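J.: To start, I am sharing the structure in question, which I have written as structure tokens.
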Number of protein chains: 2
Amino acid sequence: MNDLTELPTPALLVDVDVLQRNIDEMASYAERAGVALRPHAKTHKTPAIADLQRAAGAQGLTVATVAEAEVFAAAGHTDLFVAYPLWLDHDRARRVSALLERADLTLGLDSPEAARRMAAQLGSDAGRPRVLVEVDSGHHRSGVDPDAAGEVAEAAGHAGLDVAGVFTFPGHSYSPGAQDDVAAQEADALTRAVASFERRGLEARVVSGGSTPTMATSRTEVMTELRPGVYVFGDAQQWELGTTTPDRIALTCWATVVSHAGGRVVLDSGSKVLGADRPAWASGHGRLLDHPAARVVLLSEHHAVAEWDGGVPPPLGTRVRVVPNHACNAVNLVDELVVVRDGAVVDRWTVAARGANT
Amino acid sequence: MNDLTELPTPALLVDVDVLQRNIDEMASYAERAGVALRPHAKTHKTPAIADLQRAAGAQGLTVATVAEAEVFAAAGHTDLFVAYPLWLDHDRARRVSALLERADLTLGLDSPEAARRMAAQLGSDAGRPRVLVEVDSGHHRSGVDPDAAGEVAEAAGHAGLDVAGVFTFPGHSYSPGAQDDVAAQEADALTRAVASFERRGLEARVVSGGSTPTMATSRTEVMTELRPGVYVFGDAQQWELGTTTPDRIALTCWATVVSHAGGRVVLDSGSKVLGADRPAWASGHGRLLDHPAARVVLLSEHHAVAEWDGGVPPPLGTRVRVVPNHACNAVNLVDELVVVRDGAVVDRWTVAARGANT
């Protein structure tokens, strides 16, 4: 069934040519900047897409969980960084130990307690696991104060870990107009963290940052590595932040107009396929790629209700492409991505790390 | 592994005693009111829970999609109502035809066009498929104006469908203090819809309504059937609307404190297990069942950041129970529910209809 018009809806489509362009552009950007590219695989959770990123020059992958690391390692991607403040309980420690035997693994942490816990749980058989210290560059999610990074690094070293450097995620870049200021804060935080290492006689070999919204404004001169994720697909958040353009959006939800109740356009793409992300600054619950004036004003689990601003609303049964607000949460709702080129289905990719939360 | 403290996090827990109490209380309520109970299975997507609802007296199940109907029919639940304004494309028509041969199926629609399409797509082999006409009781999502319900019913009858009655979903009940007014609007809409049928000489044998927030205020005297869904678990939305109490919340996310960065409490339960629902009136991105003063102020895919109002924040590694804002979207993120009783794991239930969107 290669005919897109016959595809059951809702389904997530990936335009493979747009995807490849996004991958190539980011690889070129990192190469020009002289930094390693380690894309965040939580966005796509799909080994077939990781293959394309690696083929374009990505050094390795970033993941968010041990379970994601397991999936990508099993698919042959063994240079992996778990960019998360890990607290190793017995289960995670057992799984990390197993991964250390077959993958080139780097782990995140953000406190002396977590470092001592990690070293104790992994034991001496694990050698000296490589870690990066997370610092808070202003998002106020996790990560230690940059000036205290050296203290965490020293504790980790004393506990027996190989402290390779620092990382941050400038997530407060997801706000209109914030990208340049946030990139400057990120650079300041990373610079202070490196200095904090040096005050204790430690070297930060890896200085890792980046987010899709800050790509154009990243101060790559202070970094050795970039970890963007969403760039591979783009989404309505990036579109409305102005950090991507509609022609660069590779992921859409194929949806059917099921009702014209009350003069509205009701689509069968609800929050169970788009995700429910809806930042206060967004214009709605996703966008319509081919109808930029339309707004998704109401979203429930199986209904996306759109207001059609200008033009004739599409007839019942029409198929449209809906751009999710947040690609990462949309992809995690499906078992496969339908790969399209020039309006035809050319492949299907398994979202192998869907639900890999632990 | 029956010890909850050893369970990998994040995981969704169902307290089976609380669940059973919720099921029994709703069954008693419907019985006292003299109406049929047809719980919405999109909330749990779990045949094991549907079994408990049926055992307590539920007449059948409500589902949102043809794919959910397929899953529950395969699990032996054959009295099914697809409460959705269906537009039958070739794929859905083929699957509905197959279901009609083995299930007692009722279908939703909300326009003459959808009725004619349905009859044409299913063909005469399907007999006279039973349908309910959806009316809009003020939520403004889908559904025809109640005064026009008879017109849709007449068109459906002429097309060869068996029009059994009307249904509505008063979804605008998800707003603080709105429940009594919305229940009154629902009753008015259903009453007008029945009158609209009668003006054309048609009988509405089924008059179906209800939502969890309006359960206490439902005008059951105008209905033959109630379709609540969330009541089975409860969630933070219901807690904050005042339509359930914390001791009635059966679904929680088992999460670990992974960081104290910046004096915050960072949990490993992000939007990829809780869902990203966050209505403007909610106090945060979910609640902590055993710490009602805490607030989840920031949610990303793998972090829930809580502010601890009073008391000592829990140490790193502590396990806590997080109540999702919206149970239906949380359950759709996992492959199984961990069933607990008195703090021990007693079973695991497969979320068989996870991702069943088509």
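Every chain in the structure tokens takes a letter, A first, then B, and so on in the order presented; its residues are numbered from 1, and the ligands are numbered from 1 following the presented order.
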Determine which residues of range 32-84 of chain B receive a DSSP assignment of strand (DSSP E or B), computed from the backbone, and state them as a list of chain:residue names.
T.: B:Ala36, B:Leu37, B:His40, B:Leu61, B:Thr62, B:Val63, B:Asp79, B:Leu80, B:Phe81, B:Val82
J.: Determine, for each residue of chain A having at least one atom at most 6 Å from an atom of chain B, the closest pair of atoms and their separation in Å to one decimal, counting only C-alpha atoms; order by chain and ascending number, as a Markdown table.
T.:
```
| residue | atom | partner | partner_atom | distance |
| --- | --- | --- | --- | --- |
| A:Thr9 | CA | B:Thr358 | CA | 5.6 |
| A:Pro10 | CA | B:Thr358 | CA | 5.9 |
| A:Trp87 | CA | B:Val258 | CA | 5.3 |
| A:Ser142 | CA | B:Ala261 | CA | 5.3 |
| A:Gly143 | CA | B:Ala261 | CA | 5.7 |
| A:Val144 | CA | B:Ala261 | CA | 5.7 |
| A:Val258 | CA | B:Trp87 | CA | 5.3 |
| A:Ala261 | CA | B:Ser142 | CA | 5.3 |
| A:Ala276 | CA | B:Ala276 | CA | 5.0 |
| A:Asp277 | CA | B:Ala276 | CA | 5.2 |
| A:Thr358 | CA | B:Thr9 | CA | 5.6 |
```
J.: Tell me, as a PyMOL selection string, which residues lie within 12 Å of Val14 in chain A, counting only C-alpha atoms; anything in the same chain fewer than 2 positions away does not count.
T.: chain A and resi 11-12+16-20+44+46+48-49+232-235+248-254+321-323+327+331+336-349
J.: Mind checking DSSP for range 61-168 of chain A and telling me the alpha helix (DSSP H) residues as a PyMOL selection string?
T.: chain A and resi 66-74+90-100+112-122+149-159
J.: Kindly export the residues of the current selection with C-alpha atoms, as a PDB file, in the first residue's frame.
T.:
```pdb
ATOM      1  CA  VAL A  66      19.375   3.743  30.235  1.00  0.00           C
ATOM      2  CA  ALA A  67      16.569   1.977  28.396  1.00  0.00           C
ATOM      3  CA  GLU A  68      17.156   4.152  25.309  1.00  0.00           C
ATOM      4  CA  ALA A  69      20.874   3.346  25.521  1.00  0.00           C
ATOM      5  CA  GLU A  70      20.011  -0.360  25.536  1.00  0.00           C
ATOM      6  CA  VAL A  71      17.872  -0.028  22.407  1.00  0.00           C
ATOM      7  CA  PHE A  72      20.437   1.956  20.420  1.00  0.00           C
ATOM      8  CA  ALA A  73      23.344  -0.232  21.561  1.00  0.00           C
ATOM      9  CA  ALA A  74      21.417  -3.287  20.390  1.00  0.00           C
ATOM     10  CA  HIS A  90      19.857  -1.608  41.762  1.00  0.00           C
ATOM     11  CA  ASP A  91      17.999  -2.132  38.514  1.00  0.00           C
ATOM     12  CA  ARG A  92      19.644   0.736  36.632  1.00  0.00           C
ATOM     13  CA  ALA A  93      23.058  -0.223  38.012  1.00  0.00           C
ATOM     14  CA  ARG A  94      22.678  -3.781  36.777  1.00  0.00           C
ATOM     15  CA  ARG A  95      21.702  -2.567  33.323  1.00  0.00           C
ATOM     16  CA  VAL A  96      24.440   0.066  33.151  1.00  0.00           C
ATOM     17  CA  SER A  97      27.011  -2.570  34.108  1.00  0.00           C
ATOM     18  CA  ALA A  98      25.851  -4.771  31.270  1.00  0.00           C
ATOM     19  CA  LEU A  99      25.999  -1.850  28.822  1.00  0.00           C
ATOM     20  CA  LEU A 100      29.521  -0.873  29.896  1.00  0.00           C
ATOM     21  CA  PRO A 112      28.586  14.305  44.830  1.00  0.00           C
ATOM     22  CA  GLU A 113      25.962  11.954  46.314  1.00  0.00           C
ATOM     23  CA  ALA A 114      24.985  10.670  42.861  1.00  0.00           C
ATOM     24  CA  ALA A 115      28.682  10.198  41.994  1.00  0.00           C
ATOM     25  CA  ARG A 116      29.414   8.182  45.129  1.00  0.00           C
ATOM     26  CA  ARG A 117      26.239   6.178  44.614  1.00  0.00           C
ATOM     27  CA  MET A 118      27.175   5.449  40.997  1.00  0.00           C
ATOM     28  CA  ALA A 119      30.681   4.293  41.872  1.00  0.00           C
ATOM     29  CA  ALA A 120      29.445   2.124  44.746  1.00  0.00           C
ATOM     30  CA  GLN A 121      26.645   0.545  42.718  1.00  0.00           C
ATOM     31  CA  LEU A 122      28.802  -0.209  39.682  1.00  0.00           C
ATOM     32  CA  ALA A 149      31.008  21.907  38.927  1.00  0.00           C
ATOM     33  CA  GLY A 150      34.593  21.349  40.058  1.00  0.00           C
ATOM     34  CA  GLU A 151      33.430  20.266  43.493  1.00  0.00           C
ATOM     35  CA  VAL A 152      31.169  17.601  41.976  1.00  0.00           C
ATOM     36  CA  ALA A 153      33.938  16.569  39.587  1.00  0.00           C
ATOM     37  CA  GLU A 154      36.434  16.201  42.434  1.00  0.00           C
ATOM     38  CA  ALA A 155      34.004  14.067  44.459  1.00  0.00           C
ATOM     39  CA  ALA A 156      33.346  11.915  41.400  1.00  0.00           C
ATOM     40  CA  GLY A 157      37.054  11.485  40.782  1.00  0.00           C
ATOM     41  CA  HIS A 158      37.643  10.523  44.408  1.00  0.00           C
ATOM     42  CA  ALA A 159      34.827   7.992  44.131  1.00  0.00           C
TER      43      ALA A 159
END
```
J.: CA of Asp188 in chain A and CA of Gly201 in chain A, how far apart in Å?
T.: 19.9 Å
J.: Do a neighbour search on Met215 in chain A at 12 Å with only C-alpha atoms, toss out local chain neighbours closer than 4 positions, and write the hits as a short mmCIF file (atom, residue, chain, number, x, y, z; two decimals) with C-alpha atoms, in the first residue's frame.
T.:
```
data_model
loop_
_atom_site.label_atom_id
_atom_site.label_comp_id
_atom_site.auth_asym_id
_atom_site.auth_seq_id
_atom_site.Cartn_x
_atom_site.Cartn_y
_atom_site.Cartn_z
CA GLU A 25 22.62 20.94 7.31
CA MET A 26 23.27 20.28 10.99
CA ALA A 27 26.27 18.07 10.20
CA TYR A 29 27.08 23.42 10.75
CA ALA A 30 28.94 21.37 13.37
CA ALA A 33 32.14 25.18 13.85
CA LEU A 37 27.78 16.49 16.78
CA PRO A 170 19.68 25.47 27.78
CA SER A 173 15.58 28.67 24.82
CA GLN A 179 17.54 32.34 21.77
CA ASP A 180 20.46 34.78 21.70
CA VAL A 182 20.01 31.98 26.35
CA ALA A 183 22.93 30.97 24.14
CA ALA A 184 25.03 33.62 25.88
CA GLU A 186 24.83 28.76 28.16
CA GLY A 209 25.77 21.94 25.07
CA GLY A 210 23.22 22.98 22.52
CA SER A 211 19.52 22.81 21.82
CA ARG A 219 28.74 30.02 21.15
CA THR A 220 30.46 26.97 19.74
CA GLU A 225 30.16 19.03 21.31
CA LEU A 226 26.56 19.89 20.33
CA ARG A 227 23.51 17.80 21.27
CA PRO A 228 20.45 19.10 19.36
CA GLY A 229 17.52 16.73 18.98
CA VAL A 230 14.39 18.27 17.43
CA TYR A 231 16.25 19.71 14.40
CA GLN A 238 10.28 25.52 16.29
CA GLY A 242 11.22 31.07 14.13
CA THR A 243 13.99 28.51 14.56
CA THR A 244 12.86 26.47 11.59
#
```
